[in-house]
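Undergrad: So I've got this file, model_15.cif, and it contains mmCIF, C-alpha atoms:
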```cif
data_my_file
#
loop_
_atom_site.label_atom_id
_atom_site.label_comp_id
_atom_site.auth_asym_id
_atom_site.auth_seq_id
_atom_site.Cartn_x
_atom_site.Cartn_y
_atom_site.Cartn_z
CA ASP A 1 19.66 95.57 91.01
CA PRO A 2 20.50 96.80 94.55
CA MET A 3 18.31 94.17 96.24
CA MET A 4 20.06 91.41 94.31
CA LEU A 5 23.44 92.82 95.36
CA GLY A 6 22.30 92.90 98.99
CA ARG A 7 21.22 89.25 98.86
CA LEU A 8 24.49 88.29 97.23
CA CYS A 9 26.47 90.15 99.91
CA SER A 10 24.68 88.37 102.72
CA ARG A 11 25.34 84.99 101.09
CA HIS A 12 28.64 85.52 99.30
CA GLY A 13 30.33 88.38 101.15
CA GLY A 14 33.83 86.94 100.69
CA LEU A 15 33.53 86.77 96.91
CA LEU A 16 32.11 90.27 96.68
CA ARG A 17 34.85 91.59 98.94
CA ARG A 18 37.48 90.17 96.57
CA LEU A 19 35.68 91.64 93.55
CA ALA A 20 35.47 95.05 95.22
CA ARG A 21 39.16 94.97 96.12
CA ASN A 22 40.01 94.17 92.51
CA GLY A 23 37.97 97.17 91.33
CA ARG A 24 35.20 95.12 89.74
CA LEU A 25 32.47 96.56 91.99
CA SER A 26 33.70 100.15 91.95
CA ALA A 27 30.40 101.41 90.53
CA PHE A 28 28.76 100.75 93.91
CA SER A 29 29.26 103.20 96.78
CA THR A 30 28.80 100.46 99.36
CA TYR A 31 29.23 96.77 98.90
CA LYS A 32 25.87 95.91 100.46
CA THR A 33 22.31 97.19 100.58
CA GLU A 34 21.21 94.96 103.44
CA THR A 35 23.00 93.15 106.26
CA GLY A 36 21.04 89.93 106.09
CA LEU A 37 20.55 90.30 109.85
CA THR A 38 17.06 90.70 111.25
CA LYS A 39 16.27 94.29 112.24
CA ILE A 40 19.83 95.49 111.59
CA PRO A 41 19.91 97.89 108.63
CA VAL A 42 22.98 98.94 106.66
CA ILE A 43 24.57 102.05 108.15
CA GLU A 44 25.87 104.21 105.31
CA ASN A 45 28.59 106.02 107.31
CA SER A 46 29.36 102.98 109.44
CA ARG A 47 33.13 103.50 109.56
CA GLU A 48 32.71 107.00 111.01
CA VAL A 49 29.98 105.89 113.44
CA TYR A 50 32.07 102.96 114.66
CA SER A 51 35.21 105.09 115.05
CA ALA A 52 33.27 107.69 117.06
CA LEU A 53 31.86 104.99 119.36
CA LEU A 54 35.33 103.53 119.96
CA GLN A 55 36.69 106.99 120.76
CA LYS A 56 33.80 107.52 123.20
CA ILE A 57 34.54 104.20 124.92
CA ILE A 58 38.21 105.16 125.33
CA GLU A 59 37.26 108.62 126.60
CA ASP A 60 34.66 107.31 129.08
CA ALA A 61 36.99 104.56 130.31
CA SER A 62 39.63 107.17 131.17
CA ALA A 63 37.40 108.25 134.08
CA LEU A 64 37.80 104.83 135.74
CA PRO A 65 40.50 104.37 138.37
CA SER A 66 43.85 103.00 137.23
CA GLU A 67 43.46 99.86 139.37
CA ALA A 68 40.34 98.84 137.44
CA GLU A 69 41.36 95.94 135.19
CA TYR A 70 38.24 96.56 133.11
CA LYS A 71 39.60 100.02 132.21
CA ASP A 72 42.86 98.55 130.95
CA GLN A 73 41.20 95.80 128.92
CA ILE A 74 38.44 97.86 127.31
CA THR A 75 40.87 100.68 126.48
CA LYS A 76 43.35 98.32 124.77
CA PHE A 77 40.56 96.47 122.96
CA SER A 78 38.94 99.68 121.67
CA ALA A 79 42.25 101.32 120.75
CA TYR A 80 43.20 98.26 118.70
CA ARG A 81 39.94 98.37 116.76
CA LEU A 82 40.11 102.15 116.37
CA LYS A 83 43.58 101.84 114.85
CA ILE A 84 42.18 99.37 112.29
CA CYS A 85 39.43 101.87 111.43
CA GLU A 86 41.93 104.69 111.05
CA GLU A 87 44.25 102.64 108.84
CA ASN A 88 41.51 101.35 106.54
CA GLN A 89 39.00 103.37 104.54
CA SER A 90 37.13 100.30 103.29
CA VAL A 91 34.42 98.86 105.54
CA MET A 92 35.15 95.47 104.01
CA ASP A 93 38.78 95.67 105.10
CA ILE A 94 37.75 96.73 108.61
CA GLU A 95 35.33 93.82 108.87
CA ASP A 96 37.96 91.40 107.56
CA LYS A 97 40.72 92.61 109.90
CA ILE A 98 38.56 92.75 113.03
CA SER A 99 36.95 89.47 112.02
CA ALA A 100 34.03 89.71 114.42
CA GLY A 101 31.07 90.18 112.10
CA GLN A 102 29.67 92.97 109.99
CA ILE A 103 30.39 96.55 111.00
CA GLU A 104 26.74 97.04 111.92
CA GLU A 105 27.18 94.26 114.50
CA LEU A 106 30.36 95.92 115.75
CA ILE A 107 28.46 99.20 116.13
CA PHE A 108 25.77 97.44 118.16
CA GLU A 109 28.48 95.83 120.30
CA ALA A 110 30.16 99.21 120.92
CA GLU A 111 26.84 100.79 121.90
CA GLU A 112 26.28 97.97 124.39
CA GLU A 113 29.83 98.41 125.73
CA LEU A 114 29.09 102.07 126.44
CA LYS A 115 26.08 100.97 128.50
CA THR A 116 28.25 98.43 130.33
CA LEU A 117 30.83 101.13 131.02
CA GLU A 118 28.17 103.27 132.68
CA MET A 119 27.08 100.33 134.84
CA MET A 120 30.68 99.63 135.82
CA LYS A 121 31.10 103.27 136.91
CA GLU A 122 28.02 102.88 139.10
CA TRP A 123 28.85 99.43 140.52
CA LYS A 124 32.60 100.05 141.05
CA PRO A 125 33.61 96.38 141.22
CA TRP A 126 37.24 97.42 141.81
CA ASP A 127 36.30 99.19 145.06
CA THR A 128 36.73 96.76 147.96
CA SER A 129 36.51 99.46 150.65
CA ALA A 130 32.77 98.94 151.04
CA SER A 131 33.36 95.36 152.23
CA PRO A 132 37.00 95.07 153.35
CA ASN A 133 36.40 91.79 155.20
CA TRP A 134 34.44 90.11 152.46
CA GLN A 135 35.64 86.64 151.56
CA VAL A 136 34.69 84.19 148.87
CA PRO A 137 31.94 81.92 150.23
CA GLU A 138 33.10 78.34 150.71
CA GLU A 139 30.56 76.99 148.20
CA TRP A 140 32.14 79.17 145.50
CA VAL A 141 35.49 77.42 145.75
CA VAL A 142 35.83 75.39 142.56
CA PHE A 143 38.85 73.26 143.47
CA ASP A 144 41.28 72.86 146.29
CA VAL A 145 44.74 74.16 145.38
CA GLU A 146 46.41 71.54 147.61
CA HIS A 147 45.03 68.75 145.42
CA THR A 148 46.44 70.34 142.24
CA LYS A 149 50.07 70.79 143.37
CA ASP A 150 51.19 67.73 141.39
CA TYR A 151 49.78 69.11 138.13
CA ASP A 152 51.42 71.64 135.84
CA VAL A 153 49.01 74.55 135.69
CA GLY A 154 51.11 76.97 133.71
CA GLY A 155 53.68 77.97 136.30
CA ALA A 156 51.24 78.50 139.15
#
```
Before anything else, please render the file you have as structure tokens.

TA:
Amino acid sequence: DPMMLGRLCSRHGGLLRRLARNGRLSAFSTYKTETGLTKIPVIENSREVYSALLQKIIEDASALPSEAEYKDQITKFSAYRLKICEENQSVMDIEDKISAGQIEELIFEAEEELKTLEMMKEWKPWDTSASPNWQVPEEWVVFDVEHTKDYDVGGA
């Protein structure tokens, strides 16, 4: 029963992953029929969708200036996950290796990252030319460096 399998996957995903890897669930095209997450359906071609989103993130991030730390971080992060997708055909293996939830959650996260990327392009937080004399307001200072000189803060 597909519904029973879906409920089992949401409760006992680890066991079913092991069974699938050992060939005991080979009769099923996917290892789940539902995610167990409210309003998040199973995406049949999730590996391809996720890979395409990661490629889009990398492509869109390339338009950011080289001095933007966000560009460097999001490109490395997405390239790492894309490599996992390319090296693994099994969605279960991708989920296990990324270890950040179900692939449907990762797809949602990637879609949100694309929106964030667009906002970053608009806001340009790396561009200080608009306010070259801007300084951190005094009330934002968390601690006084002079008072921490006697403490080891990792080589600072």

Undergrad: Which residues, protein or nucleic acid, reach to within 12 Å of (39.4, 98.8, 132.6) in the file's coordinates when using only C-alpha atoms, and can you give that as an MDAnalysis selection string?

TA: chainID A and resid 57:78 113 116:117 120:121 124:126

Undergrad: I would like the residues chosen by the PyMOL selection byres ((chain A and resi 92-99) around 9) on the shown file; could you give them as a VMD selection string?

TA: chain A and resid 17 20 to 21 31 47 81 84 to 85 87 to 91 100 to 103 106

Undergrad: With C-alpha atoms kept, could you save the residues just selected as a compact mmCIF listing (two decimals), in the frame of the given file?

TA:
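again.txt written:
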```txt
# COMPACT_ATOMS: atom_id res chain seq x y z
CA ARG A 17 34.85 91.59 98.94
CA ALA A 20 35.47 95.05 95.22
CA ARG A 21 39.16 94.97 96.12
CA TYR A 31 29.23 96.77 98.90
CA ARG A 47 33.13 103.50 109.56
CA ARG A 81 39.94 98.37 116.76
CA ILE A 84 42.18 99.37 112.29
CA CYS A 85 39.43 101.87 111.43
CA GLU A 87 44.25 102.64 108.84
CA ASN A 88 41.51 101.35 106.54
CA GLN A 89 39.00 103.37 104.54
CA SER A 90 37.13 100.30 103.29
CA VAL A 91 34.42 98.86 105.54
CA ALA A 100 34.03 89.71 114.42
CA GLY A 101 31.07 90.18 112.10
CA GLN A 102 29.67 92.97 109.99
CA ILE A 103 30.39 96.55 111.00
CA LEU A 106 30.36 95.92 115.75
```

Undergrad: Excluding Ile40 (chain A) and its own-chain neighbours fewer than 6 positions away, which residues fall within 10 Å of it when counting only C-alpha atoms? Please give them as an mmCIF file with C-alpha atoms, keeping the file's coordinate frame.

TA:
```cif
data_model
loop_
_atom_site.group_PDB
_atom_site.id
_atom_site.type_symbol
_atom_site.label_atom_id
_atom_site.label_comp_id
_atom_site.auth_asym_id
_atom_site.auth_seq_id
_atom_site.Cartn_x
_atom_site.Cartn_y
_atom_site.Cartn_z
ATOM 1 C CA GLU A 34 21.210 94.960 103.440
ATOM 2 C CA GLU A 104 26.740 97.040 111.920
ATOM 3 C CA GLU A 105 27.180 94.260 114.500
ATOM 4 C CA PHE A 108 25.770 97.440 118.160
#
```

Undergrad: Some atoms are absent from region 108-122 of chain A, so rebuild N, CA, C and O atoms and return them as a short mmCIF file (atom, residue, chain, number, x, y, z; two decimals), keeping the file's coordinate frame.

TA:
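Generated file (rebuild06.cif):
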```
data_model
loop_
_atom_site.label_atom_id
_atom_site.label_comp_id
_atom_site.auth_asym_id
_atom_site.auth_seq_id
_atom_site.Cartn_x
_atom_site.Cartn_y
_atom_site.Cartn_z
N PHE A 108 26.68 97.87 117.09
CA PHE A 108 25.77 97.44 118.16
C PHE A 108 26.56 97.04 119.40
O PHE A 108 26.24 97.42 120.52
N GLU A 109 27.63 96.27 119.20
CA GLU A 109 28.48 95.83 120.30
C GLU A 109 29.10 97.02 121.04
O GLU A 109 29.14 97.05 122.27
N ALA A 110 29.56 98.02 120.30
CA ALA A 110 30.16 99.21 120.92
C ALA A 110 29.12 100.00 121.70
O ALA A 110 29.41 100.51 122.79
N GLU A 111 27.91 100.10 121.17
CA GLU A 111 26.84 100.79 121.90
C GLU A 111 26.54 100.07 123.21
O GLU A 111 26.34 100.72 124.25
N GLU A 112 26.52 98.75 123.17
CA GLU A 112 26.28 97.97 124.39
C GLU A 112 27.45 98.12 125.37
O GLU A 112 27.25 98.15 126.59
N GLU A 113 28.66 98.23 124.86
CA GLU A 113 29.83 98.41 125.73
C GLU A 113 29.76 99.75 126.46
O GLU A 113 30.14 99.84 127.63
N LEU A 114 29.27 100.78 125.79
CA LEU A 114 29.09 102.07 126.44
C LEU A 114 28.09 101.96 127.60
O LEU A 114 28.29 102.57 128.66
N LYS A 115 27.05 101.19 127.42
CA LYS A 115 26.08 100.97 128.50
C LYS A 115 26.74 100.21 129.65
O LYS A 115 26.54 100.54 130.82
N THR A 116 27.54 99.20 129.31
CA THR A 116 28.25 98.43 130.33
C THR A 116 29.22 99.32 131.10
O THR A 116 29.32 99.22 132.32
N LEU A 117 29.89 100.20 130.39
CA LEU A 117 30.83 101.13 131.02
C LEU A 117 30.12 101.99 132.07
O LEU A 117 30.64 102.21 133.17
N GLU A 118 28.94 102.47 131.73
CA GLU A 118 28.17 103.27 132.68
C GLU A 118 27.79 102.45 133.92
O GLU A 118 27.86 102.94 135.05
N MET A 119 27.42 101.20 133.70
CA MET A 119 27.08 100.33 134.84
C MET A 119 28.31 100.07 135.71
O MET A 119 28.23 100.07 136.94
N MET A 120 29.45 99.88 135.06
CA MET A 120 30.68 99.63 135.82
C MET A 120 31.04 100.85 136.67
O MET A 120 31.48 100.70 137.81
N LYS A 121 30.84 102.05 136.13
CA LYS A 121 31.10 103.27 136.91
C LYS A 121 30.21 103.32 138.15
O LYS A 121 30.63 103.73 139.22
N GLU A 122 28.97 102.87 137.98
CA GLU A 122 28.02 102.88 139.10
C GLU A 122 28.35 101.78 140.11
O GLU A 122 28.34 102.00 141.32
#
```
